Amino acid sequence: MQNNPYAKVFRNAFYHDVLDEMIYTPTCKQIHPLRVEKLMDEFNKFLCTAGETEIPYKNYVLNEDKLIDYALFMRCYMRDAQEVLANLQPKYATDPDLINLFQAASNYLVAGSHSRNQKKIFDNNVSYRTWKMDLSEGFERASYQKASEPIDPSRHSLYLFMPFRVKDDEQQLKIWTYNNMRQTLSNDEIFGPQVDAYVVNFPIQKSRTSTVVSLLKTLQNSENYYEDKDMEFVKKHWLNYVGKDIKLNAEGKVVSGQPYSAEQLKQNFNNITIFSYCAGTANAHRSLNALTEITKQLYDEQTTTEAMHNVFICSYGFLPPREHLPYSGVHFYTNAVPDKNRREPFANLNNHKLYEQTKCRTPTDRARYTQMPDGRNFVVALQMPEKLTIMQNGEIQNVFDGEFGHNLANVNTPNIQDVDNFAFNLFKTVLEKSSTGVRGKDVLSVPDNATNGAKIINIALHTRMQSL
């Protein structure tokens, strides 16, 4: 795509992080491994199409370890180039040549990690890991076990679609889940007795570059796109939500099974609540596309549509990919005013147009609420705190947000610097109410008799709601 600003970002970063201090020999006859050529040919194709000059990589004695690091952290170059990317358009993130470049980088990481004895061995074909939390002793002491196949549809269930990639180790999973959710799952009257909680993540073998490929393809075709791993997740865990004794063939087609009544289907789907962070939202979105694909084979279009409306996503750091979504939800992100150098990078990069429409605009905006055209999804932009100070392990700690507002710590724990902890209380309220089956605008309203300072949420909700 001509004038895609990502091309300049990637080219400058390549010269700085890969070619810097490399030996330049115009008559170099060095034969590069085929895996390097495949990556660089795709890279140069992207640059030329966007109007940038090619990188003469064959004239350098490349350090492949640097090239592996470059391929692994490509998305971070985009995050850190906010000034260069000031005038984004939605089409740039879904540029087919950009997606092909990330796919080539992902393939290179798999080949390179296997051949060079890297510490992390990557695989593009790994599947989700799904864990059920045992919350009988509270969130802090939760234990984890592999989730049953399939999951009971009669219980309220909260699925945490997380972007982190960890080893298949309960202790590591516990640390990562606690660091991401902290006090937002602390209500032991809800989580455990009323709501079952599951963690859905990928193992360490899936590179972040491979995750970005899936994310960009999701943005490119958000209405229908899902991957084999998404359908596999639905087959394992969600079939009981759709009907009784459902059997699918390898292509995901229903070969046998008994549908529920329309009302039972809607109730089952109302028991699906998702919290998703960053790229985890793309994972959740694709999995719901796969769920829709199966459901519509057993039910008419109206019943399928109405049932999907009952599924709820509470997301952070990922804006809705389109104006009309099949599910309902509240989508949080933070931004600074002014946000020239502190805009929330991934929300902005993935959907710059919606980011500009919904962000906080004045220092007095504690939050800006936007109702999407489908009437069931709401975007909540929160004012980024100047200083984030939290209590951790009994000690006061300052949190450095190196991702300009993308850090989940902005909403997952009380900020000692904030008098009423507006952002934390709002986020926790939405998560608790939606997990127990509340839908629509009601998830944004706390009781008038709230004593935790969060009742200010009601005032903001009724005075600051806008519609696209």
# chains A, B, ... in the order shown; residues from 1 in each chain; ligands from 1
>>> closest_atom_pairs(of="region 325-369 of chain A", to="region 70-93 of chain A", cutoff="10 Å", atoms="only C-alpha atoms", output="JSON lines")
{"residue": "A:Asp339", "atom": "CA", "partner": "A:Gln82", "partner_atom": "CA", "distance": 9.8}
{"residue": "A:Lys340", "atom": "CA", "partner": "A:Glu83", "partner_atom": "CA", "distance": 7.1}
{"residue": "A:Asn341", "atom": "CA", "partner": "A:Gln82", "partner_atom": "CA", "distance": 6.5}
{"residue": "A:Arg342", "atom": "CA", "partner": "A:Gln82", "partner_atom": "CA", "distance": 8.2}
{"residue": "A:Arg343", "atom": "CA", "partner": "A:Gln82", "partner_atom": "CA", "distance": 7.7}
{"residue": "A:Glu344", "atom": "CA", "partner": "A:Arg79", "partner_atom": "CA", "distance": 8.8}
{"residue": "A:Pro345", "atom": "CA", "partner": "A:Arg79", "partner_atom": "CA", "distance": 5.3}
{"residue": "A:Phe346", "atom": "CA", "partner": "A:Arg79", "partner_atom": "CA", "distance": 6.7}
{"residue": "A:Asn348", "atom": "CA", "partner": "A:Leu88", "partner_atom": "CA", "distance": 8.5}
{"residue": "A:Leu349", "atom": "CA", "partner": "A:Ala93", "partner_atom": "CA", "distance": 7.0}
{"residue": "A:Asn350", "atom": "CA", "partner": "A:Ala93", "partner_atom": "CA", "distance": 6.2}
{"residue": "A:Asn351", "atom": "CA", "partner": "A:Pro90", "partner_atom": "CA", "distance": 5.6}
{"residue": "A:His352", "atom": "CA", "partner": "A:Leu88", "partner_atom": "CA", "distance": 6.1}
{"residue": "A:Lys353", "atom": "CA", "partner": "A:Pro90", "partner_atom": "CA", "distance": 6.6}
{"residue": "A:Leu354", "atom": "CA", "partner": "A:Pro90", "partner_atom": "CA", "distance": 9.0}
>>> write_last_selection(atoms="N, CA and C atoms", output="tab-separated table (two decimals), in the first residue's frame")
chain	number	residue	atom	x	y	z
A	339	ASP	N	-2.41	14.10	24.11
A	339	ASP	CA	-1.85	12.75	24.00
A	339	ASP	C	-0.82	12.62	22.88
A	340	LYS	N	-0.16	13.69	22.50
A	340	LYS	CA	0.77	13.63	21.38
A	340	LYS	C	1.81	12.54	21.58
A	341	ASN	N	2.39	12.48	22.76
A	341	ASN	CA	3.43	11.49	23.02
A	341	ASN	C	2.99	10.42	24.00
A	342	ARG	N	1.71	10.45	24.43
A	342	ARG	CA	1.26	9.48	25.44
A	342	ARG	C	-0.05	8.82	25.04
A	343	ARG	N	-0.34	8.77	23.77
A	343	ARG	CA	-1.56	8.08	23.35
A	343	ARG	C	-1.39	6.59	23.58
A	344	GLU	N	-2.51	5.94	23.89
A	344	GLU	CA	-2.48	4.49	24.13
A	344	GLU	C	-2.13	3.82	22.80
A	345	PRO	N	-0.94	3.22	22.71
A	345	PRO	CA	-0.42	2.86	21.39
A	345	PRO	C	-1.21	1.80	20.65
A	346	PHE	N	-1.59	0.72	21.32
A	346	PHE	CA	-2.20	-0.37	20.56
A	346	PHE	C	-3.66	-0.08	20.22
A	348	ASN	N	-4.72	2.85	19.57
A	348	ASN	CA	-4.57	3.83	18.49
A	348	ASN	C	-4.12	3.16	17.19
A	349	LEU	N	-3.16	2.26	17.27
A	349	LEU	CA	-2.63	1.62	16.07
A	349	LEU	C	-3.68	0.74	15.40
A	350	ASN	N	-4.48	0.04	16.20
A	350	ASN	CA	-5.44	-0.91	15.64
A	350	ASN	C	-6.69	-0.24	15.08
A	351	ASN	N	-7.08	0.88	15.65
A	351	ASN	CA	-8.29	1.56	15.18
A	351	ASN	C	-8.16	3.06	15.47
A	352	HIS	N	-7.32	3.72	14.68
A	352	HIS	CA	-7.01	5.13	14.92
A	352	HIS	C	-8.27	6.00	14.83
A	353	LYS	N	-9.14	5.71	13.88
A	353	LYS	CA	-10.34	6.53	13.68
A	353	LYS	C	-11.22	6.52	14.93
A	354	LEU	N	-11.49	5.32	15.46
A	354	LEU	CA	-12.34	5.23	16.65
A	354	LEU	C	-11.64	5.82	17.86
>>> select_by_dssp(residues="region 191-312 of chain A", states="helix (DSSP H, G or I)", output="mmCIF file with C-alpha atoms, in the first residue's frame")
data_model
loop_
_atom_site.group_PDB
_atom_site.id
_atom_site.type_symbol
_atom_site.label_atom_id
_atom_site.label_comp_id
_atom_site.auth_asym_id
_atom_site.auth_seq_id
_atom_site.Cartn_x
_atom_site.Cartn_y
_atom_site.Cartn_z
ATOM 1 C CA ARG A 208 4.305 -12.421 19.845
ATOM 2 C CA THR A 209 4.897 -11.918 16.108
ATOM 3 C CA SER A 210 2.623 -14.851 15.328
ATOM 4 C CA THR A 211 0.051 -13.288 17.660
ATOM 5 C CA VAL A 212 0.231 -10.035 15.697
ATOM 6 C CA VAL A 213 -0.406 -11.915 12.436
ATOM 7 C CA SER A 214 -3.635 -13.301 13.899
ATOM 8 C CA LEU A 215 -4.569 -9.894 15.294
ATOM 9 C CA LEU A 216 -4.126 -8.090 11.965
ATOM 10 C CA LYS A 217 -6.054 -10.756 10.071
ATOM 11 C CA THR A 218 -8.845 -10.376 12.630
ATOM 12 C CA LEU A 219 -8.973 -6.623 11.985
ATOM 13 C CA GLN A 220 -8.920 -7.244 8.252
ATOM 14 C CA ASP A 228 -8.266 -23.628 13.284
ATOM 15 C CA LYS A 229 -7.105 -23.080 16.872
ATOM 16 C CA ASP A 230 -10.223 -20.975 17.573
ATOM 17 C CA MET A 231 -12.534 -23.664 16.229
ATOM 18 C CA GLU A 232 -10.595 -26.246 18.233
ATOM 19 C CA PHE A 233 -11.202 -24.220 21.417
ATOM 20 C CA VAL A 234 -14.947 -24.062 20.718
ATOM 21 C CA LYS A 235 -15.088 -27.787 19.977
ATOM 22 C CA LYS A 236 -13.389 -28.578 23.270
ATOM 23 C CA HIS A 237 -15.169 -26.229 25.630
ATOM 24 C CA LEU A 239 -20.304 -27.101 22.377
ATOM 25 C CA ASN A 240 -22.629 -27.660 25.353
ATOM 26 C CA TYR A 241 -23.643 -24.000 25.140
ATOM 27 C CA VAL A 242 -24.969 -24.643 21.625
ATOM 28 C CA ALA A 262 -34.409 -20.543 21.556
ATOM 29 C CA GLU A 263 -34.806 -19.278 25.117
ATOM 30 C CA GLN A 264 -32.431 -21.894 26.533
ATOM 31 C CA LEU A 265 -29.811 -21.024 23.921
ATOM 32 C CA LYS A 266 -30.056 -17.332 24.821
ATOM 33 C CA GLN A 267 -29.718 -18.128 28.523
ATOM 34 C CA ASN A 268 -26.680 -20.318 27.882
ATOM 35 C CA PHE A 269 -25.006 -17.566 25.897
ATOM 36 C CA ASN A 270 -25.878 -15.062 28.614
ATOM 37 C CA ALA A 279 -4.448 -9.120 21.589
ATOM 38 C CA GLY A 280 -6.487 -11.440 23.817
ATOM 39 C CA THR A 281 -9.540 -9.560 22.538
ATOM 40 C CA ALA A 282 -8.736 -10.588 18.972
ATOM 41 C CA ASN A 283 -8.455 -14.183 20.202
ATOM 42 C CA ALA A 284 -11.850 -13.913 21.896
ATOM 43 C CA HIS A 285 -13.405 -12.282 18.841
ATOM 44 C CA ARG A 286 -12.241 -15.067 16.530
ATOM 45 C CA SER A 287 -13.422 -17.744 18.946
ATOM 46 C CA LEU A 288 -16.871 -16.123 18.999
ATOM 47 C CA ASN A 289 -16.860 -16.114 15.195
ATOM 48 C CA ALA A 290 -16.218 -19.864 15.350
ATOM 49 C CA LEU A 291 -19.006 -20.236 17.922
ATOM 50 C CA THR A 292 -21.372 -18.353 15.593
ATOM 51 C CA GLU A 293 -20.394 -20.618 12.697
ATOM 52 C CA ILE A 294 -21.465 -23.694 14.659
ATOM 53 C CA THR A 295 -24.593 -22.121 16.163
ATOM 54 C CA GLU A 301 -30.469 -16.450 11.750
ATOM 55 C CA GLN A 302 -32.651 -14.479 14.183
ATOM 56 C CA THR A 303 -32.176 -16.947 17.037
ATOM 57 C CA THR A 304 -28.421 -17.091 16.451
ATOM 58 C CA THR A 305 -28.159 -13.309 16.334
ATOM 59 C CA GLU A 306 -30.210 -12.766 19.489
ATOM 60 C CA ALA A 307 -28.237 -15.406 21.379
ATOM 61 C CA MET A 308 -24.895 -13.866 20.368
ATOM 62 C CA HIS A 309 -26.123 -10.486 21.647
#
>>> residues_around(residues="region 30-46 of chain A", least_positions_apart="6", cutoff="7 Å", atoms="only C-alpha atoms", output="VMD selection string")
chain A and resid 54 to 55 97 to 98 101 104 to 105 108 111
>>> write_last_selection(atoms="N, CA and C atoms", output="CSV table (one decimal), in the first residue's frame")
chain,number,residue,atom,x,y,z
A,54,GLU,N,14.5,-0.1,-1.0
A,54,GLU,CA,14.9,-1.4,-0.4
A,54,GLU,C,16.1,-1.4,0.5
A,55,ILE,N,16.2,-2.4,1.3
A,55,ILE,CA,17.4,-2.6,2.2
A,55,ILE,C,18.4,-3.5,1.5
A,97,ASP,N,0.2,-6.4,2.5
A,97,ASP,CA,1.6,-6.5,2.5
A,97,ASP,C,2.2,-6.4,3.9
A,98,LEU,N,1.6,-5.6,4.8
A,98,LEU,CA,2.1,-5.6,6.2
A,98,LEU,C,1.8,-6.9,6.9
A,101,LEU,N,4.3,-9.4,5.8
A,101,LEU,CA,5.6,-9.2,6.4
A,101,LEU,C,5.7,-9.8,7.8
A,104,ALA,N,5.9,-13.5,7.4
A,104,ALA,CA,7.3,-13.9,7.1
A,104,ALA,C,8.2,-13.9,8.3
A,105,ALA,N,8.0,-12.8,9.1
A,105,ALA,CA,8.8,-12.7,10.3
A,105,ALA,C,8.5,-13.9,11.3
A,108,TYR,N,10.1,-17.0,10.0
A,108,TYR,CA,11.5,-16.9,10.2
A,108,TYR,C,11.9,-17.2,11.7
A,111,ALA,N,11.8,-21.0,12.1
A,111,ALA,CA,13.0,-21.6,11.5
A,111,ALA,C,14.3,-21.3,12.2
>>> closest_residue(among="A:Ala197, A:Tyr369, A:Phe275, A:Pro150", to="Lys244 (chain A)", atoms="only C-alpha atoms")
A:Pro150
>>> select_by_dssp(residues="region 148-252 of chain A", states="strand (DSSP E or B)", output="MDAnalysis selection string")
chainID A and resid 156:166 191 195:203 243:248
>>> closest_residue(among="A:Ala336, A:Cys360, A:Ile416, A:Val443", to="Phe378 (chain A)", atoms="only C-alpha atoms")
A:Val443
>>> residues_around(residues="Ala147 (chain A)", least_positions_apart="3", cutoff="12 Å", atoms="only C-alpha atoms", output="ChimeraX atom specification")
/A:128-134,144,150-152,159,196-200,233,236-238
>>> write_last_selection(atoms="N, CA and C atoms", output="PDB file, in the first residue's frame")
ATOM      1  N   TYR A 128      -4.624 -23.132  22.140  1.00  0.00           N
ATOM      2  CA  TYR A 128      -4.923 -22.481  23.409  1.00  0.00           C
ATOM      3  C   TYR A 128      -4.709 -23.438  24.577  1.00  0.00           C
ATOM      4  N   ARG A 129      -4.382 -22.862  25.712  1.00  0.00           N
ATOM      5  CA  ARG A 129      -4.415 -23.588  26.976  1.00  0.00           C
ATOM      6  C   ARG A 129      -5.569 -23.003  27.788  1.00  0.00           C
ATOM      7  N   THR A 130      -6.431 -23.849  28.304  1.00  0.00           N
ATOM      8  CA  THR A 130      -7.602 -23.399  29.064  1.00  0.00           C
ATOM      9  C   THR A 130      -7.546 -23.998  30.455  1.00  0.00           C
ATOM     10  N   TRP A 131      -7.548 -23.117  31.466  1.00  0.00           N
ATOM     11  CA  TRP A 131      -7.410 -23.514  32.855  1.00  0.00           C
ATOM     12  C   TRP A 131      -8.620 -23.034  33.655  1.00  0.00           C
ATOM     13  N   LYS A 132      -9.092 -23.864  34.551  1.00  0.00           N
ATOM     14  CA  LYS A 132     -10.150 -23.432  35.466  1.00  0.00           C
ATOM     15  C   LYS A 132      -9.528 -23.066  36.807  1.00  0.00           C
ATOM     16  N   MET A 133      -9.944 -21.921  37.346  1.00  0.00           N
ATOM     17  CA  MET A 133      -9.466 -21.501  38.666  1.00  0.00           C
ATOM     18  C   MET A 133     -10.312 -22.149  39.762  1.00  0.00           C
ATOM     19  N   ASP A 134      -9.649 -22.620  40.784  1.00  0.00           N
ATOM     20  CA  ASP A 134     -10.333 -23.029  42.009  1.00  0.00           C
ATOM     21  C   ASP A 134     -10.267 -21.836  42.955  1.00  0.00           C
ATOM     22  N   TYR A 144      -5.052 -23.894  39.923  1.00  0.00           N
ATOM     23  CA  TYR A 144      -5.474 -24.011  38.526  1.00  0.00           C
ATOM     24  C   TYR A 144      -5.391 -25.461  38.069  1.00  0.00           C
ATOM     25  N   PRO A 150     -16.669 -30.764  27.510  1.00  0.00           N
ATOM     26  CA  PRO A 150     -16.907 -29.320  27.446  1.00  0.00           C
ATOM     27  C   PRO A 150     -17.266 -28.747  28.818  1.00  0.00           C
ATOM     28  N   ILE A 151     -17.544 -27.435  28.846  1.00  0.00           N
ATOM     29  CA  ILE A 151     -17.823 -26.715  30.093  1.00  0.00           C
ATOM     30  C   ILE A 151     -19.337 -26.624  30.312  1.00  0.00           C
ATOM     31  N   ASP A 152     -19.752 -26.679  31.575  1.00  0.00           N
ATOM     32  CA  ASP A 152     -21.164 -26.633  31.960  1.00  0.00           C
ATOM     33  C   ASP A 152     -21.769 -25.280  31.566  1.00  0.00           C
ATOM     34  N   TYR A 159     -14.429 -15.916  31.227  1.00  0.00           N
ATOM     35  CA  TYR A 159     -13.262 -16.405  30.502  1.00  0.00           C
ATOM     36  C   TYR A 159     -12.267 -15.264  30.343  1.00  0.00           C
ATOM     37  N   ASP A 196     -17.890 -19.134  37.737  1.00  0.00           N
ATOM     38  CA  ASP A 196     -16.676 -19.901  37.508  1.00  0.00           C
ATOM     39  C   ASP A 196     -15.726 -19.059  36.655  1.00  0.00           C
ATOM     40  N   ALA A 197     -14.433 -19.178  36.887  1.00  0.00           N
ATOM     41  CA  ALA A 197     -13.452 -18.372  36.158  1.00  0.00           C
ATOM     42  C   ALA A 197     -12.441 -19.271  35.458  1.00  0.00           C
ATOM     43  N   TYR A 198     -12.129 -18.922  34.208  1.00  0.00           N
ATOM     44  CA  TYR A 198     -11.198 -19.686  33.384  1.00  0.00           C
ATOM     45  C   TYR A 198     -10.161 -18.739  32.784  1.00  0.00           C
ATOM     46  N   VAL A 199      -8.960 -19.251  32.584  1.00  0.00           N
ATOM     47  CA  VAL A 199      -7.909 -18.511  31.899  1.00  0.00           C
ATOM     48  C   VAL A 199      -7.651 -19.180  30.558  1.00  0.00           C
ATOM     49  N   VAL A 200      -7.662 -18.379  29.486  1.00  0.00           N
ATOM     50  CA  VAL A 200      -7.402 -18.885  28.138  1.00  0.00           C
ATOM     51  C   VAL A 200      -6.177 -18.144  27.605  1.00  0.00           C
ATOM     52  N   PHE A 233     -10.795 -24.644  20.074  1.00  0.00           N
ATOM     53  CA  PHE A 233     -11.202 -24.220  21.417  1.00  0.00           C
ATOM     54  C   PHE A 233     -12.708 -24.384  21.607  1.00  0.00           C
ATOM     55  N   LYS A 236     -13.748 -27.996  21.985  1.00  0.00           N
ATOM     56  CA  LYS A 236     -13.389 -28.578  23.270  1.00  0.00           C
ATOM     57  C   LYS A 236     -14.286 -28.107  24.407  1.00  0.00           C
ATOM     58  N   HIS A 237     -14.620 -26.809  24.408  1.00  0.00           N
ATOM     59  CA  HIS A 237     -15.169 -26.229  25.630  1.00  0.00           C
ATOM     60  C   HIS A 237     -16.567 -25.620  25.509  1.00  0.00           C
ATOM     61  N   TRP A 238     -17.012 -25.242  24.330  1.00  0.00           N
ATOM     62  CA  TRP A 238     -18.255 -24.477  24.231  1.00  0.00           C
ATOM     63  C   TRP A 238     -19.406 -25.207  23.540  1.00  0.00           C
TER      64      TRP A 238
END
>>> closest_residue(among="A:Asn187, A:Val195, A:Lys174, A:Phe202", to="Asn125 (chain A)", atoms="only C-alpha atoms")
A:Phe202
>>> closest_residue(among="A:Cys278, A:Leu47, A:Leu298, A:Leu109", to="Leu248 (chain A)", atoms="only C-alpha atoms")
A:Leu298
>>> residues_around(residues="Gly329 (chain A)", least_positions_apart="3", cutoff="7 Å", atoms="only C-alpha atoms", output="list in words")
Phe312, Ile313, Cys314, Arg376, Asn377 and Phe378 of chain A
>>> write_last_selection(atoms="C-alpha atoms", output="compact mmCIF listing (two decimals), in the first residue's frame")
# COMPACT_ATOMS: atom_id res chain seq x y z
CA PHE A 312 -20.49 -10.08 26.79
CA ILE A 313 -16.89 -8.87 26.42
CA CYS A 314 -15.20 -6.52 28.86
CA ARG A 376 -24.98 -2.81 22.85
CA ASN A 377 -21.30 -1.89 22.98
CA PHE A 378 -19.74 1.01 24.85
>>> residues_around(residues="region 62-67 of chain A", least_positions_apart="4", cutoff="8 Å", atoms="only C-alpha atoms", output="VMD selection string")
chain A and resid 17 to 19 22 to 23 57 71
>>> write_last_selection(atoms="C-alpha atoms", output="PDB file, in the first residue's frame")
ATOM      1  CA  ASP A  17      18.993  -2.271  15.429  1.00  0.00           C
ATOM      2  CA  VAL A  18      20.207  -4.762  12.813  1.00  0.00           C
ATOM      3  CA  LEU A  19      22.642  -3.037  10.450  1.00  0.00           C
ATOM      4  CA  MET A  22      27.556  -4.440  10.741  1.00  0.00           C
ATOM      5  CA  ILE A  23      30.261  -4.688   8.095  1.00  0.00           C
ATOM      6  CA  TYR A  57      20.910  -6.617   3.113  1.00  0.00           C
ATOM      7  CA  ALA A  71      11.491 -10.183  13.990  1.00  0.00           C
TER       8      ALA A  71
END
>>> closest_residue(among="A:Thr25, A:Asn335, A:Ser261, A:Asn100", to="Tyr299 (chain A)", atoms="only C-alpha atoms")
A:Ser261
>>> residues_around(residues="Met181 (chain A)", least_positions_apart="5", cutoff="10 Å", atoms="only C-alpha atoms", output="MDAnalysis selection string")
chainID A and resid 139 160 176 186 275 408:409 411:413 428
